[in-house]
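Written out below as structure tokens is the structure these notes cover.
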Amino acid sequence: MKIKQDFYVKTTVIIAAMIFLIAGAKIVRYTIMKDELIANSIGHGMIGKIVNGVYSSEDEEETQEELDATERSIKIFTDINFFELTTMAEFEVYISILWNIMLLIIIFMLRKKLDIMQAIFLVLTILVLNVFDFNLAKEPIQMLYFVLIYIVITTKILRDDFKYVLCFGILYWASVSFRDYYILIAMFMLGASWICKTFILMKDKLNVMDILIVVVALGVGYALLLSVAKVAMPEEYTALIHVRTRESTARTDIRNWITKDASNLPLFTLDYLIMLVRMMVPIELMTFGPKYWPYVAYQVMITFYVVMALKNIKKNHKSKNVALYVYLGFLCGSATFEPDFGSWVRHEAAIAPVLFILADMYKFKKSRTDLERHDLEKEEQGEKSYG
């Protein structure tokens with residue numbers, strides 16, 4: 001969806017302002033957010049491994065899967081440490097330069113003119129990435145997989161169905177090569193696309209009952225996932241339950257509101273559905289002070305674009321719908337394990353290239369099928385008007 005208006009912002013204006021946006025984000029990171037982001041940064045443990053070959057973690061609750069993802073990130077950062085950097089600050093400058101260049105290339109591929117909301121969203125994305133993600137951590141590596149997904153979705157020579165298969169393959173590869181739980185995201189992507197194609201695309205008009213069916217289908221899918229994981233993947237099941245039932249002193253911790261008893265599957269599933277809403281509309285963060293308000297605004301904008309993409313799913317370019325399925329899989333998978341809002345904003349910002357597509361900031365060329373469908377819709381509308 002593009003907002004109807006007469007005033008637009010040229011993408012080149014935002015590109016010209018990037019150096020100031022990056023500098024502002026880093027100032028926020030090292031002042032207002034210093035205690036949360038610098039003092040407790042995972043980079044303290046990673047730098048020791050990169051420089052001395054010895055890894056140490058002060059987080060006693062860190063799972064083996066998280067350790068593996070950290071080790072794999074360390075390996076990549078070690079491989080690209082061409083300048084023999086030795087401090088976290090040096091690595092942050094290095095990573096910020098490399099990843100902002102990559103972000104800049106992606107921005108050059110977007111529409112030349114953006115509406116006001118799109119321009120604000122792009123500015124917020126640049127700020128959020130540079131505050132939370134572009135540093136010595138796992139998120140820069142995570143972003144690489146979604147850059148690859150972005151390339152697949154925007155490639156003109158691939159059929160949309162093949163793009164869907166490739167995106168699923170990339171998520172599966174991420175689960176093998178980086179973080180195990182990406183297999184959940186891949187499975188939820190399949191489930192989300194099936195729900196959309198079965199209960200939305202097949203309907204002429206959605207009613208309240210259709211929406212309830214979609215919610216119930218999502219809940220049943222989550223309950224089945226837990227039931228299967230409990231038997232087939234007991235270690236993964238234990239890790240999922242641990243995240244949702246653990247006690248944490250983190251201010252932005254995402255705790256279940258209803259129950260911590262995983263054996264009460266209906267209530268535990270209801271908590272999951274509520275979790276999805278809380279993550280998409282995190283108004284509870286408003287009470288934590290002004291420094292959290294920009295993130296709330298950023299998340300609400302993402303939610304708006306996702307809702308509009310769902311509303312216009314029949315009119316969307318098929319490639320945009322592939323991006324929608326990827327995001328829904330990411331959202332549903334993340335709701336099963338995200339421990340706090342801080343982790344959620346870091347992980348979600350890392351899929352920025354996919355978010356740009358959902359925000360209609362990338363212009364797809366209509367295929368012949370799309371043009372024929374558009375002409376048919378115009379003819380039907382004309383017949384209705386004549387009648």
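Following the order of the structure tokens, chains are lettered A, B, ..., residues in each are numbered from 1, and ligands are numbered from 1.
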A:Ile76 surroundings by only C-alpha atoms, 12 Å radius, close-in-sequence under 3 positions cut, as a count of residues only: 22
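Using only C-alpha atoms, the residues found no farther than 7 Å from A:Ala323, other than those of its own chain fewer than 4 positions away, are Ser319, Tyr327, Val354, Ile357 and Leu358 of chain A.
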6 Å contact set for stretch 110-125 of chain A, only C-alpha atoms, chain neighbours under 5 positions out, as number ranges by chain: A: 8-11, 361-362
DSSP-assigned helix (DSSP H, G or I) among stretch 70-278 of chain A, expressed as a ChimeraX atom specification: /A:70-79,88-108,116-133,139-154,160-177,182-199,208-232,234-245,265-278
Polymer residues at most 9 Å from A:Pro339, only C-alpha atoms, same-chain spacing of 2 or more positions, as an mmCIF file with C-alpha atoms, in the first residue's frame:
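Final output, part_27.cif:
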data_model
loop_
_atom_site.group_PDB
_atom_site.id
_atom_site.type_symbol
_atom_site.label_atom_id
_atom_site.label_comp_id
_atom_site.auth_asym_id
_atom_site.auth_seq_id
_atom_site.Cartn_x
_atom_site.Cartn_y
_atom_site.Cartn_z
ATOM 1 C CA VAL A 243 12.086 -19.696 27.336
ATOM 2 C CA ARG A 244 8.368 -19.313 28.026
ATOM 3 C CA ARG A 246 11.829 -19.103 33.002
ATOM 4 C CA SER A 248 14.152 -13.259 34.385
ATOM 5 C CA THR A 252 11.682 -5.999 28.862
ATOM 6 C CA ASP A 253 11.199 -9.702 29.543
ATOM 7 C CA ILE A 254 8.296 -11.313 27.645
ATOM 8 C CA ARG A 255 6.581 -13.587 30.160
ATOM 9 C CA ALA A 335 6.908 -15.973 19.264
ATOM 10 C CA PHE A 337 11.240 -18.557 21.807
ATOM 11 C CA PHE A 341 11.545 -7.325 23.593
ATOM 12 C CA GLY A 342 15.213 -6.372 23.294
ATOM 13 C CA SER A 343 16.007 -9.625 21.505
ATOM 14 C CA TRP A 344 12.885 -9.258 19.371
#
